[in-house]
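Next comes coords17.cif, a file with mmCIF, C-alpha atoms.
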data_start
#
loop_
_atom_site.label_atom_id
_atom_site.label_comp_id
_atom_site.auth_asym_id
_atom_site.auth_seq_id
_atom_site.Cartn_x
_atom_site.Cartn_y
_atom_site.Cartn_z
CA MET L 1 -50.41 17.83 -107.76
CA ARG L 2 -51.23 20.25 -105.00
CA LYS L 3 -53.95 19.90 -102.42
CA ALA L 4 -56.71 22.44 -101.98
CA VAL L 5 -59.55 22.82 -99.52
CA VAL L 6 -62.84 23.67 -101.24
CA LEU L 7 -65.83 24.99 -99.29
CA LEU L 8 -68.83 23.07 -100.57
CA SER L 9 -72.35 24.03 -99.53
CA GLY L 10 -74.14 21.83 -102.04
CA GLY L 11 -75.38 24.81 -104.04
CA LEU L 12 -74.72 25.87 -107.61
CA ASP L 13 -71.81 28.21 -106.92
CA SER L 14 -69.74 25.94 -104.73
CA ALA L 15 -70.25 22.97 -107.08
CA THR L 16 -68.92 25.10 -109.92
CA THR L 17 -66.01 26.19 -107.74
CA LEU L 18 -65.12 22.58 -106.98
CA ALA L 19 -65.17 21.79 -110.72
CA ILE L 20 -62.87 24.78 -111.38
CA ALA L 21 -60.44 23.71 -108.65
CA LYS L 22 -60.43 20.18 -110.01
CA GLN L 23 -59.73 21.42 -113.52
CA GLY L 24 -56.93 23.56 -112.09
CA GLY L 25 -55.19 20.33 -111.16
CA TYR L 26 -55.81 20.38 -107.43
CA ILE L 27 -56.47 17.38 -105.23
CA CYS L 28 -59.67 18.64 -103.69
CA HIS L 29 -60.59 18.25 -100.04
CA ALA L 30 -64.18 19.41 -99.76
CA LEU L 31 -65.55 20.89 -96.55
CA SER L 32 -69.22 21.32 -95.70
CA LEU L 33 -70.68 22.88 -92.60
CA ALA L 34 -73.74 21.59 -90.80
CA TYR L 35 -74.29 24.98 -89.22
CA GLY L 36 -77.89 24.73 -88.21
CA GLN L 37 -79.28 25.75 -91.58
CA ARG L 38 -83.02 25.30 -92.13
CA HIS L 39 -82.74 22.02 -94.01
CA SER L 40 -80.23 19.26 -94.60
CA ALA L 41 -81.02 18.87 -98.31
CA GLU L 42 -78.04 21.03 -99.23
CA LEU L 43 -75.71 18.86 -97.16
CA ALA L 44 -77.02 15.78 -98.92
CA ALA L 45 -76.41 17.62 -102.20
CA ALA L 46 -72.84 18.44 -101.12
CA MET L 47 -72.16 14.73 -100.58
CA ARG L 48 -73.43 13.88 -104.06
CA VAL L 49 -71.52 16.73 -105.69
CA ALA L 50 -68.25 15.86 -103.91
CA GLU L 51 -68.53 12.29 -105.08
CA VAL L 52 -69.55 13.00 -108.68
CA LEU L 53 -66.95 15.72 -109.18
CA GLY L 54 -64.23 13.53 -107.71
CA ALA L 55 -63.22 15.26 -104.49
CA ALA L 56 -60.43 13.27 -102.84
CA GLU L 57 -62.18 13.62 -99.52
CA HIS L 58 -65.30 15.29 -98.14
CA LYS L 59 -65.84 16.26 -94.53
CA THR L 60 -68.89 17.75 -92.88
CA LEU L 61 -68.24 19.67 -89.71
CA ALA L 62 -71.03 20.36 -87.24
CA LEU L 63 -71.28 23.85 -85.80
CA ASP L 64 -74.62 24.90 -84.47
CA LEU L 65 -74.95 28.58 -85.36
CA SER L 66 -78.59 28.49 -84.18
CA VAL L 67 -77.04 28.97 -80.72
CA ILE L 68 -76.19 32.45 -81.97
CA GLY L 69 -79.16 32.88 -84.33
CA GLY L 70 -79.97 36.29 -85.73
CA SER L 71 -80.56 35.16 -89.31
CA ALA L 72 -83.47 33.69 -91.23
CA LEU L 73 -81.14 30.80 -92.03
CA THR L 74 -80.25 29.97 -88.42
CA ASP L 75 -83.35 31.01 -86.48
CA ALA L 76 -86.57 29.24 -87.45
CA ARG L 77 -88.59 32.15 -86.03
CA ILE L 78 -87.24 34.53 -88.69
CA ALA L 79 -88.98 33.94 -92.02
CA VAL L 80 -87.06 33.60 -95.26
CA PRO L 81 -88.14 36.57 -97.41
CA LYS L 82 -90.18 35.67 -100.49
CA GLN L 83 -89.57 39.04 -102.12
CA PRO L 84 -86.38 40.92 -102.93
CA SER L 85 -85.62 43.38 -100.15
CA ALA L 86 -83.75 46.67 -100.03
CA GLY L 87 -80.35 46.38 -98.37
CA ILE L 88 -78.84 43.28 -96.84
CA PRO L 89 -81.65 40.74 -96.32
CA SER L 90 -82.47 38.80 -93.13
CA THR L 91 -80.81 35.71 -94.63
CA TYR L 92 -77.47 37.32 -93.87
CA VAL L 93 -75.67 35.12 -91.29
CA PRO L 94 -73.26 37.28 -89.28
CA ALA L 95 -69.62 36.29 -89.80
CA ARG L 96 -70.58 33.08 -91.62
CA ASN L 97 -68.00 33.21 -94.38
CA MET L 98 -65.32 34.22 -91.91
CA VAL L 99 -66.09 31.21 -89.73
CA PHE L 100 -66.22 28.89 -92.76
CA LEU L 101 -62.98 30.23 -94.25
CA ALA L 102 -61.24 30.04 -90.87
CA LEU L 103 -62.23 26.37 -90.59
CA ALA L 104 -61.08 25.74 -94.16
CA LEU L 105 -57.82 27.47 -93.29
CA GLY L 106 -57.32 25.30 -90.22
CA TRP L 107 -57.87 22.15 -92.26
CA ALA L 108 -55.63 23.42 -95.05
CA GLU L 109 -52.81 23.99 -92.60
CA VAL L 110 -53.22 20.47 -91.19
CA LEU L 111 -53.21 19.00 -94.73
CA GLY L 112 -50.23 21.07 -95.85
CA ALA L 113 -52.43 22.74 -98.48
CA GLN L 114 -51.92 26.39 -99.36
CA ASP L 115 -54.97 26.87 -101.56
CA ILE L 116 -58.52 27.45 -100.40
CA PHE L 117 -61.47 27.82 -102.76
CA ILE L 118 -64.75 29.55 -101.97
CA GLY L 119 -67.66 30.15 -104.33
CA VAL L 120 -68.54 33.69 -103.31
CA ASN L 121 -69.95 35.94 -105.95
CA ALA L 122 -70.39 39.70 -105.88
CA VAL L 123 -72.47 40.18 -109.02
CA ASP L 124 -75.77 38.24 -108.78
CA TYR L 125 -75.89 38.14 -104.99
CA SER L 126 -77.74 39.46 -101.96
CA GLY L 127 -75.21 42.10 -100.98
CA TYR L 128 -73.72 40.08 -98.13
CA PRO L 129 -70.59 41.95 -97.00
CA ASP L 130 -68.59 38.74 -96.68
CA CYS L 131 -68.99 37.92 -100.37
CA ARG L 132 -67.12 41.00 -101.57
CA PRO L 133 -63.58 41.05 -103.00
CA GLU L 134 -62.43 43.37 -100.17
CA PHE L 135 -63.40 40.70 -97.68
CA ILE L 136 -61.56 37.94 -99.53
CA ARG L 137 -58.40 40.03 -99.81
CA ALA L 138 -58.47 41.01 -96.13
CA PHE L 139 -59.11 37.40 -95.13
CA GLU L 140 -56.11 36.20 -97.13
CA ARG L 141 -53.94 38.77 -95.42
CA LEU L 142 -55.20 37.68 -92.01
CA ALA L 143 -54.67 34.00 -92.86
CA ASN L 144 -51.01 34.63 -93.42
CA ILE L 145 -50.63 36.48 -90.13
CA ALA L 146 -52.67 33.97 -88.12
CA THR L 147 -50.94 30.73 -89.02
CA LYS L 148 -47.67 28.91 -88.53
CA ALA L 149 -47.51 28.15 -92.26
CA GLY L 150 -48.05 31.81 -93.12
CA LEU L 151 -45.28 32.89 -90.73
CA GLU L 152 -42.92 30.26 -92.07
CA GLY L 153 -43.26 31.41 -95.67
CA ARG L 154 -45.86 28.97 -96.98
CA PRO L 155 -48.57 31.54 -97.69
CA PHE L 156 -52.20 30.70 -98.24
CA ARG L 157 -54.11 31.83 -101.28
CA ILE L 158 -57.87 32.31 -101.14
CA HIS L 159 -59.37 31.60 -104.55
CA ALA L 160 -62.78 33.05 -105.33
CA PRO L 161 -63.02 32.23 -109.03
CA LEU L 162 -66.71 33.21 -109.37
CA GLN L 163 -66.29 36.57 -107.76
CA GLN L 164 -66.83 38.71 -110.86
CA LEU L 165 -69.05 36.38 -112.91
CA SER L 166 -72.78 36.73 -113.48
CA LYS L 167 -74.93 33.74 -112.53
CA ALA L 168 -75.38 32.95 -116.23
CA GLU L 169 -71.61 32.96 -116.72
CA ILE L 170 -71.15 30.70 -113.70
CA ILE L 171 -73.68 28.24 -115.13
CA ARG L 172 -72.04 28.22 -118.56
CA ARG L 173 -68.64 27.72 -116.98
CA GLY L 174 -69.91 24.85 -114.84
CA LEU L 175 -71.64 23.13 -117.74
CA SER L 176 -68.44 23.34 -119.78
CA LEU L 177 -66.76 21.48 -116.90
CA GLY L 178 -69.48 18.85 -116.72
CA VAL L 179 -71.28 20.01 -113.58
CA ASP L 180 -74.71 18.41 -113.23
CA TYR L 181 -76.74 21.17 -111.63
CA SER L 182 -79.66 18.85 -110.99
CA LEU L 183 -77.54 17.49 -108.13
CA THR L 184 -77.25 20.88 -106.44
CA VAL L 185 -79.60 22.60 -104.00
CA SER L 186 -79.47 26.40 -103.70
CA CYS L 187 -82.84 27.13 -102.12
CA TYR L 188 -82.93 28.58 -98.59
CA SER L 189 -86.18 26.73 -97.93
CA ALA L 190 -85.73 23.46 -99.79
CA ASP L 191 -87.94 20.57 -98.72
CA SER L 192 -86.61 17.24 -97.49
CA ARG L 193 -86.41 15.95 -101.07
CA GLY L 194 -84.28 18.92 -102.08
CA ARG L 195 -87.05 20.63 -104.07
CA ALA L 196 -86.81 24.41 -104.22
CA CYS L 197 -89.29 27.16 -103.35
CA GLY L 198 -88.51 29.22 -106.44
CA VAL L 199 -89.07 32.55 -104.71
CA CYS L 200 -86.28 33.11 -102.15
CA ASP L 201 -83.31 35.28 -103.12
CA SER L 202 -81.15 32.28 -103.79
CA CYS L 203 -83.79 30.66 -106.05
CA ARG L 204 -84.37 33.93 -107.91
CA PHE L 205 -80.71 34.44 -108.78
CA ARG L 206 -80.43 30.82 -109.84
CA LYS L 207 -83.59 30.84 -111.95
CA LEU L 208 -82.59 34.06 -113.70
CA GLY L 209 -79.13 32.64 -114.31
CA PHE L 210 -80.51 29.66 -116.24
CA LEU L 211 -82.88 31.97 -118.09
CA GLU L 212 -80.11 34.39 -119.08
CA ALA L 213 -77.80 31.54 -120.05
CA GLY L 214 -80.58 30.13 -122.24
CA ILE L 215 -80.31 26.77 -120.55
CA PRO L 216 -83.25 24.70 -119.27
CA ASP L 217 -83.44 24.97 -115.48
CA PRO L 218 -83.02 21.46 -114.02
CA THR L 219 -84.15 22.56 -110.55
CA PRO L 220 -87.11 20.66 -109.10
CA TYR L 221 -89.57 23.13 -107.55
CA TYR L 222 -92.33 22.34 -105.05
CA MET F 223 -74.08 50.13 -70.32
CA ARG F 224 -72.73 48.52 -73.42
CA LYS F 225 -72.72 44.84 -74.23
CA ALA F 226 -69.54 42.90 -74.92
CA VAL F 227 -68.82 39.35 -76.00
CA VAL F 228 -66.02 37.79 -73.97
CA LEU F 229 -64.29 34.59 -75.08
CA LEU F 230 -64.04 32.41 -72.00
CA SER F 231 -62.04 29.20 -72.05
CA GLY F 232 -62.10 28.60 -68.32
CA GLY F 233 -58.38 29.31 -67.94
CA LEU F 234 -56.53 31.99 -66.01
CA ASP F 235 -56.21 34.51 -68.83
CA SER F 236 -59.80 34.52 -70.05
CA ALA F 237 -61.14 34.71 -66.47
CA THR F 238 -58.99 37.79 -65.92
CA THR F 239 -60.20 39.23 -69.20
CA LEU F 240 -63.83 38.76 -68.16
CA ALA F 241 -63.10 40.55 -64.88
CA ILE F 242 -61.48 43.43 -66.79
CA ALA F 243 -64.43 43.72 -69.18
CA LYS F 244 -66.82 43.68 -66.25
CA GLN F 245 -64.86 46.41 -64.47
CA GLY F 246 -64.90 48.41 -67.71
CA GLY F 247 -68.67 48.60 -67.33
CA TYR F 248 -69.69 46.11 -70.00
CA ILE F 249 -72.62 43.74 -69.83
CA CYS F 250 -70.68 40.57 -70.53
CA HIS F 251 -71.89 37.79 -72.80
CA ALA F 252 -69.42 34.97 -72.32
CA LEU F 253 -68.74 32.46 -75.10
CA SER F 254 -67.02 29.11 -74.64
CA LEU F 255 -66.21 26.59 -77.33
CA ALA F 256 -66.50 22.85 -76.93
CA TYR F 257 -64.07 22.30 -79.75
CA GLY F 258 -62.97 18.76 -79.10
CA GLN F 259 -60.30 19.66 -76.55
CA ARG F 260 -58.78 16.80 -74.56
CA HIS F 261 -60.91 17.31 -71.47
CA SER F 262 -64.09 19.10 -70.45
CA ALA F 263 -62.73 20.34 -67.10
CA GLU F 264 -61.98 23.75 -68.63
CA LEU F 265 -65.56 24.06 -69.90
CA ALA F 266 -66.85 23.26 -66.42
CA ALA F 267 -64.45 25.91 -65.11
CA ALA F 268 -65.79 28.41 -67.67
CA MET F 269 -69.31 27.86 -66.34
CA ARG F 270 -68.19 28.50 -62.76
CA VAL F 271 -66.15 31.57 -63.73
CA ALA F 272 -68.98 33.09 -65.80
CA GLU F 273 -71.35 32.70 -62.87
CA VAL F 274 -69.02 33.94 -60.14
CA LEU F 275 -67.81 36.94 -62.16
CA GLY F 276 -71.35 37.88 -63.09
CA ALA F 277 -71.54 37.37 -66.84
CA ALA F 278 -75.02 38.33 -68.02
CA GLU F 279 -75.13 35.19 -70.13
CA HIS F 280 -72.86 32.28 -70.95
CA LYS F 281 -73.11 30.12 -74.05
CA THR F 282 -71.10 27.08 -75.00
CA LEU F 283 -70.96 26.34 -78.70
CA ALA F 284 -70.00 22.89 -79.95
CA LEU F 285 -67.57 22.68 -82.83
CA ASP F 286 -65.68 19.46 -83.22
CA LEU F 287 -62.21 20.47 -84.38
CA SER F 288 -61.06 16.87 -83.94
CA VAL F 289 -62.61 16.37 -87.40
CA ILE F 290 -59.68 18.49 -88.61
CA GLY F 291 -57.15 17.44 -85.96
CA GLY F 292 -53.50 18.28 -86.45
CA SER F 293 -52.88 19.46 -82.89
CA ALA F 294 -52.04 17.80 -79.60
CA LEU F 295 -55.19 19.48 -78.27
CA THR F 296 -57.55 18.11 -80.90
CA ASP F 297 -55.99 14.77 -81.83
CA ALA F 298 -55.63 12.27 -78.99
CA ARG F 299 -52.84 10.50 -80.92
CA ILE F 300 -50.55 13.55 -80.64
CA ALA F 301 -49.06 13.76 -77.14
CA VAL F 302 -49.06 17.01 -75.17
CA PRO F 303 -45.36 17.93 -74.74
CA LYS F 304 -44.08 17.72 -71.17
CA GLN F 305 -41.03 19.84 -71.93
CA PRO F 306 -40.65 23.29 -73.48
CA SER F 307 -39.99 22.93 -77.20
CA ALA F 308 -38.19 25.11 -79.72
CA GLY F 309 -40.55 26.95 -82.05
CA ILE F 310 -44.33 26.69 -82.10
CA PRO F 311 -45.31 23.55 -80.13
CA SER F 312 -47.66 20.76 -81.23
CA THR F 313 -50.39 22.23 -79.02
CA TYR F 314 -50.89 24.90 -81.67
CA VAL F 315 -54.42 24.50 -83.09
CA PRO F 316 -54.46 25.87 -86.66
CA ALA F 317 -56.73 28.90 -87.02
CA ARG F 318 -58.28 28.39 -83.57
CA ASN F 319 -58.36 31.99 -82.45
CA MET F 320 -59.63 33.08 -85.85
CA VAL F 321 -62.51 30.62 -85.63
CA PHE F 322 -63.27 31.63 -82.02
CA LEU F 323 -63.12 35.36 -82.76
CA ALA F 324 -65.26 34.93 -85.86
CA LEU F 325 -67.91 33.17 -83.76
CA ALA F 326 -67.67 35.89 -81.11
CA LEU F 327 -68.05 38.45 -83.87
CA GLY F 328 -71.15 36.73 -85.23
CA TRP F 329 -72.73 36.68 -81.79
CA ALA F 330 -71.72 40.30 -81.14
CA GLU F 331 -73.42 41.40 -84.34
CA VAL F 332 -76.61 39.56 -83.37
CA LEU F 333 -76.54 41.13 -79.89
CA GLY F 334 -75.81 44.60 -81.21
CA ALA F 335 -72.50 44.60 -79.31
CA GLN F 336 -69.43 46.29 -80.77
CA ASP F 337 -66.87 45.08 -78.25
CA ILE F 338 -65.20 41.69 -78.17
CA PHE F 339 -62.73 40.62 -75.51
CA ILE F 340 -60.10 37.91 -75.87
CA GLY F 341 -57.44 36.93 -73.33
CA VAL F 342 -54.52 36.43 -75.72
CA ASN F 343 -51.09 37.20 -74.38
CA ALA F 344 -47.86 37.63 -76.30
CA VAL F 345 -45.39 37.71 -73.41
CA ASP F 346 -45.55 34.47 -71.38
CA TYR F 347 -46.94 32.33 -74.17
CA SER F 348 -46.12 29.48 -76.52
CA GLY F 349 -45.44 31.59 -79.61
CA TYR F 350 -48.81 30.85 -81.22
CA PRO F 351 -49.11 33.21 -84.22
CA ASP F 352 -52.76 33.96 -83.46
CA CYS F 353 -51.92 35.43 -80.05
CA ARG F 354 -49.82 38.28 -81.45
CA PRO F 355 -50.89 41.94 -81.65
CA GLU F 356 -50.53 41.86 -85.48
CA PHE F 357 -53.16 39.16 -85.59
CA ILE F 358 -55.59 41.04 -83.37
CA ARG F 359 -55.21 44.23 -85.41
CA ALA F 360 -55.70 42.41 -88.72
CA PHE F 361 -58.72 40.57 -87.32
CA GLU F 362 -60.34 43.81 -86.23
CA ARG F 363 -59.82 45.24 -89.68
CA LEU F 364 -61.38 42.14 -91.27
CA ALA F 365 -64.31 42.22 -88.83
CA ASN F 366 -65.27 45.65 -90.05
CA ILE F 367 -65.11 44.60 -93.69
CA ALA F 368 -66.96 41.30 -93.15
CA THR F 369 -70.05 42.48 -91.35
CA LYS F 370 -73.20 44.49 -91.93
CA ALA F 371 -72.55 46.46 -88.72
CA GLY F 372 -69.02 47.28 -89.82
CA LEU F 373 -70.25 48.48 -93.21
CA GLU F 374 -73.00 50.56 -91.65
CA GLY F 375 -70.61 52.47 -89.40
CA ARG F 376 -70.94 50.51 -86.15
CA PRO F 377 -67.38 49.24 -86.02
CA PHE F 378 -66.20 46.38 -83.84
CA ARG F 379 -63.31 46.72 -81.43
CA ILE F 380 -61.27 43.69 -80.45
CA HIS F 381 -59.94 44.13 -76.92
CA ALA F 382 -56.94 42.09 -75.87
CA PRO F 383 -56.17 43.69 -72.51
CA LEU F 384 -53.58 41.07 -71.46
CA GLN F 385 -51.59 41.28 -74.64
CA GLN F 386 -48.50 42.96 -73.24
CA LEU F 387 -48.65 41.75 -69.63
CA SER F 388 -46.45 39.09 -68.05
CA LYS F 389 -48.27 36.18 -66.40
CA ALA F 390 -47.39 37.61 -62.98
CA GLU F 391 -48.91 40.95 -63.96
CA ILE F 392 -52.05 39.22 -65.22
CA ILE F 393 -52.41 37.38 -61.91
CA ARG F 394 -51.93 40.54 -59.85
CA ARG F 395 -54.45 42.36 -62.01
CA GLY F 396 -56.97 39.56 -61.68
CA LEU F 397 -56.56 39.32 -57.90
CA SER F 398 -57.12 43.07 -57.59
CA LEU F 399 -60.41 42.50 -59.42
CA GLY F 400 -61.40 39.60 -57.18
CA VAL F 401 -60.76 36.70 -59.55
CA ASP F 402 -60.63 33.38 -57.72
CA TYR F 403 -58.03 31.45 -59.71
CA SER F 404 -58.83 28.22 -57.90
CA LEU F 405 -61.93 28.13 -60.12
CA THR F 406 -59.90 28.22 -63.34
CA VAL F 407 -58.29 25.37 -65.29
CA SER F 408 -55.36 26.15 -67.58
CA CYS F 409 -53.80 22.70 -67.98
CA TYR F 410 -53.83 21.05 -71.41
CA SER F 411 -54.11 17.64 -69.75
CA ALA F 412 -56.31 18.29 -66.74
CA ASP F 413 -58.04 15.28 -65.22
CA SER F 414 -61.81 14.97 -64.87
CA ARG F 415 -61.67 16.76 -61.50
CA GLY F 416 -59.85 19.70 -63.09
CA ARG F 417 -56.50 18.90 -61.49
CA ALA F 418 -53.46 20.00 -63.49
CA CYS F 419 -50.40 18.11 -64.73
CA GLY F 420 -47.99 20.85 -63.76
CA VAL F 421 -45.63 20.17 -66.67
CA CYS F 422 -47.34 21.22 -69.91
CA ASP F 423 -46.56 24.65 -71.40
CA SER F 424 -49.77 26.11 -70.06
CA CYS F 425 -49.08 24.82 -66.53
CA ARG F 426 -45.50 26.03 -66.64
CA PHE F 427 -46.43 29.61 -67.56
CA ARG F 428 -49.14 29.62 -64.92
CA LYS F 429 -46.91 28.17 -62.18
CA LEU F 430 -44.11 30.64 -62.92
CA GLY F 431 -46.64 33.45 -62.93
CA PHE F 432 -47.75 32.72 -59.37
CA LEU F 433 -44.12 32.28 -58.34
CA GLU F 434 -43.05 35.62 -59.86
CA ALA F 435 -46.08 37.38 -58.44
CA GLY F 436 -45.18 35.98 -55.01
CA ILE F 437 -48.65 34.56 -54.59
CA PRO F 438 -49.46 31.01 -53.40
CA ASP F 439 -50.51 28.89 -56.39
CA PRO F 440 -54.09 27.70 -55.77
CA THR F 441 -53.92 25.16 -58.60
CA PRO F 442 -54.65 21.54 -57.64
CA TYR F 443 -52.07 19.24 -59.26
CA TYR F 444 -52.35 15.47 -59.73
#

I need this file expressed as structure tokens, please.
Amino acid sequence: MRKAVVLLSGGLDSATTLAIAKQGGYICHALSLAYGQRHSAELAAAMRVAEVLGAAEHKTLALDLSVIGGSALTDARIAVPKQPSAGIPSTYVPARNMVFLALALGWAEVLGAQDIFIGVNAVDYSGYPDCRPEFIRAFERLANIATKAGLEGRPFRIHAPLQQLSKAEIIRRGLSLGVDYSLTVSCYSADSRGRACGVCDSCRFRKLGFLEAGIPDPTPYY
Amino acid sequence: MRKAVVLLSGGLDSATTLAIAKQGGYICHALSLAYGQRHSAELAAAMRVAEVLGAAEHKTLALDLSVIGGSALTDARIAVPKQPSAGIPSTYVPARNMVFLALALGWAEVLGAQDIFIGVNAVDYSGYPDCRPEFIRAFERLANIATKAGLEGRPFRIHAPLQQLSKAEIIRRGLSLGVDYSLTVSCYSADSRGRACGVCDSCRFRKLGFLEAGIPDPTPYY
């Protein structure tokens, strides 16, 4: 069995991704980032999800992106939009997925793992540039230039199994793998008990996904 | 005047890079990483260097890479080699420059800066894969795919002005720009007063650089 590093935010997509990696036969090392996000409910969710889905290990790395700010997710003074917006919304966190993947890559190299999973999606998403297939491909290329393992012929593969799925398809896939979505927190503005606002971009995509999949939404809303 | 983000470790190379960026007319925003390195003397040096060389701003971001470990610089159980080694030495920190550049990129995007400076060198160096020109080029390409600014036609440029210089050339260049190298700490195993071991890879390259440049070495050794 091969090891993989799986980025795990505690939301719906990354939980599904962990279940897919697990089903693919990988020993899963889950990585969460305490990056200064607005609430810690998603990190608590990541811990539950890692345990229930049987990750071999789960680490949470602290990295305070509020030092940099510039996003509604990392600067408390910027409000999370309650309406869909044109273009890339203010919840975009500059370079976030690059930082997260680079950290996953570093851990993978230390573990001797060559596979990294990330739950990015470019169908029902907010248009973040670092969720697109072009980004994932270019990152993989860079990973194999940047590392000792890459140079020595043990290339890394970046798996983004949700990339081309709709939210409804992701939900169906996860349910078929036994994911309990009531454990996950997707909301940008969740309260301390993990209850969701129901109106942010992330909530909207999630809500619509359950609706389209014809599956009762287990999300607690406040 | 344009803004630039300059990665500043507190060592000889990054201090020279800051001086070069400054001379190039940039308003310099210096970024240091408290990444779990063996000592904080280099971070103290970075603060001094940023001030003396007139950085507009200096931020230190905490990111505990010892959670990942795997390097003599981030795992206290792995000794820093006191002899040159064949191949990439154990001081290699997997994905370090990718993580640092990604954070610099994030900050640059928030600041509206398009220029990022890093003091990597591929001449008198330890063979780290993420110091090579191929890496810098591939990172720049990724930066412009990963970000909103890149997509919207405000491309980032990654400047690595020391890339092809010998250590002696770097030192001469820095001195011509007024860099006071007695403020910098390059040693992997510096003591709390910033004094250097004189035998680690980083010390060796630095020592030889002063020797080849024919300039008295201002480094305090213990």

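Considering all atoms listed in the file, the residue among F:Asp402, F:Val407, F:Pro303, F:Ala317 positioned nearest to Asp423 in chain F is F:Pro303.
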
Which neighbours of Pro84 in chain L fall inside 10 Å, counting all atoms listed in the file, when residues of the same chain fewer than 5 positions from it are skipped, and could you give them as an NGL selection string?
:L and (89 or 126 or 199-201 or 204)

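The residues caught by the PyMOL selection byres ((chain F and resi 363-378) around 8) in this file are Ile88, Pro94, Ala95, Met98, Tyr128, Pro129, Asp130, Glu134, Phe135, Ala138, Phe139 and Leu142 of chain L; Ala324, Leu327, Glu331, Ala335, Gln336, Asp337, Ile338, Arg359, Ala360, Phe361, Glu362, Arg379 and Ile380 of chain F.
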
Export of prior selection with C-alpha atoms as a PDB file, in the coordinates of the input:
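What follows is the written file part-v8.pdb:
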ATOM      1  CA  ILE L  88     -78.840  43.280 -96.840  1.00  0.00           C
ATOM      2  CA  PRO L  94     -73.260  37.280 -89.280  1.00  0.00           C
ATOM      3  CA  ALA L  95     -69.620  36.290 -89.800  1.00  0.00           C
ATOM      4  CA  MET L  98     -65.320  34.220 -91.910  1.00  0.00           C
ATOM      5  CA  TYR L 128     -73.720  40.080 -98.130  1.00  0.00           C
ATOM      6  CA  PRO L 129     -70.590  41.950 -97.000  1.00  0.00           C
ATOM      7  CA  ASP L 130     -68.590  38.740 -96.680  1.00  0.00           C
ATOM      8  CA  GLU L 134     -62.430  43.370-100.170  1.00  0.00           C
ATOM      9  CA  PHE L 135     -63.400  40.700 -97.680  1.00  0.00           C
ATOM     10  CA  ALA L 138     -58.470  41.010 -96.130  1.00  0.00           C
ATOM     11  CA  PHE L 139     -59.110  37.400 -95.130  1.00  0.00           C
ATOM     12  CA  LEU L 142     -55.200  37.680 -92.010  1.00  0.00           C
TER      13      LEU L 142
ATOM     14  CA  ALA F 324     -65.260  34.930 -85.860  1.00  0.00           C
ATOM     15  CA  LEU F 327     -68.050  38.450 -83.870  1.00  0.00           C
ATOM     16  CA  GLU F 331     -73.420  41.400 -84.340  1.00  0.00           C
ATOM     17  CA  ALA F 335     -72.500  44.600 -79.310  1.00  0.00           C
ATOM     18  CA  GLN F 336     -69.430  46.290 -80.770  1.00  0.00           C
ATOM     19  CA  ASP F 337     -66.870  45.080 -78.250  1.00  0.00           C
ATOM     20  CA  ILE F 338     -65.200  41.690 -78.170  1.00  0.00           C
ATOM     21  CA  ARG F 359     -55.210  44.230 -85.410  1.00  0.00           C
ATOM     22  CA  ALA F 360     -55.700  42.410 -88.720  1.00  0.00           C
ATOM     23  CA  PHE F 361     -58.720  40.570 -87.320  1.00  0.00           C
ATOM     24  CA  GLU F 362     -60.340  43.810 -86.230  1.00  0.00           C
ATOM     25  CA  ARG F 379     -63.310  46.720 -81.430  1.00  0.00           C
ATOM     26  CA  ILE F 380     -61.270  43.690 -80.450  1.00  0.00           C
TER      27      ILE F 380
END

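Nearest residue to chain L among F:His280, F:Lys244, F:Lys225, F:Arg270 is F:His280, counting all atoms listed in the file.
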
Need the shell around Leu283 in chain F: protein/DNA/RNA residues with any atom at most 9 Å away, counting all atoms listed in the file. Skip same-chain ones fewer than 3 positions apart. Format as number ranges by chain?
L: 63-65, 67-68; F: 253-257

Which residues would end up in the selection if the PyMOL selection byres ((chain F and resi 410) around 7) were applied here, given that I need the answer as number ranges by chain?
F: 408-409, 411-412, 422, 424

Decode the PyMOL selection byres ((chain L and resi 196) around 7) for the given file into explicit residues and return them as a PDB file with C-alpha atoms, in the coordinates of the input.
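Output file selection-v3.pdb is given in full below:
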ATOM      1  CA  CYS L 187     -82.840  27.130-102.120  1.00  0.00           C
ATOM      2  CA  SER L 189     -86.180  26.730 -97.930  1.00  0.00           C
ATOM      3  CA  ALA L 190     -85.730  23.460 -99.790  1.00  0.00           C
ATOM      4  CA  ASP L 191     -87.940  20.570 -98.720  1.00  0.00           C
ATOM      5  CA  GLY L 194     -84.280  18.920-102.080  1.00  0.00           C
ATOM      6  CA  ARG L 195     -87.050  20.630-104.070  1.00  0.00           C
ATOM      7  CA  CYS L 197     -89.290  27.160-103.350  1.00  0.00           C
ATOM      8  CA  GLY L 198     -88.510  29.220-106.440  1.00  0.00           C
ATOM      9  CA  PRO L 220     -87.110  20.660-109.100  1.00  0.00           C
ATOM     10  CA  TYR L 221     -89.570  23.130-107.550  1.00  0.00           C
ATOM     11  CA  TYR L 222     -92.330  22.340-105.050  1.00  0.00           C
TER      12      TYR L 222
END

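With distances restricted to all atoms listed in the file, L:His29 is the closest residue to Val110 in chain L from L:Lys207, L:Arg193, L:Arg77, L:His29.
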
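Among the candidates F:Gly309, F:Gln259, F:Ala266, F:Leu397, the one nearest to Thr296 in chain F when counting all atoms listed in the file is F:Gln259.
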
Between CA of Ile78 in chain L and CA of Ser90 in chain L, what is the distance, to one decimal in Å?
7.8 Å

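One distance worth recording is that between CA of Ala298 in chain F and CA of Thr239 in chain F, which is 29.0 Å.
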
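Closest approach to chain L among F:Leu323, F:Ile249, F:Ala301, F:Leu405: F:Leu323, based on all atoms listed in the file.
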
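Of note, CA of Val345 in chain F and CA of Leu433 in chain F are spaced 16.1 Å apart.
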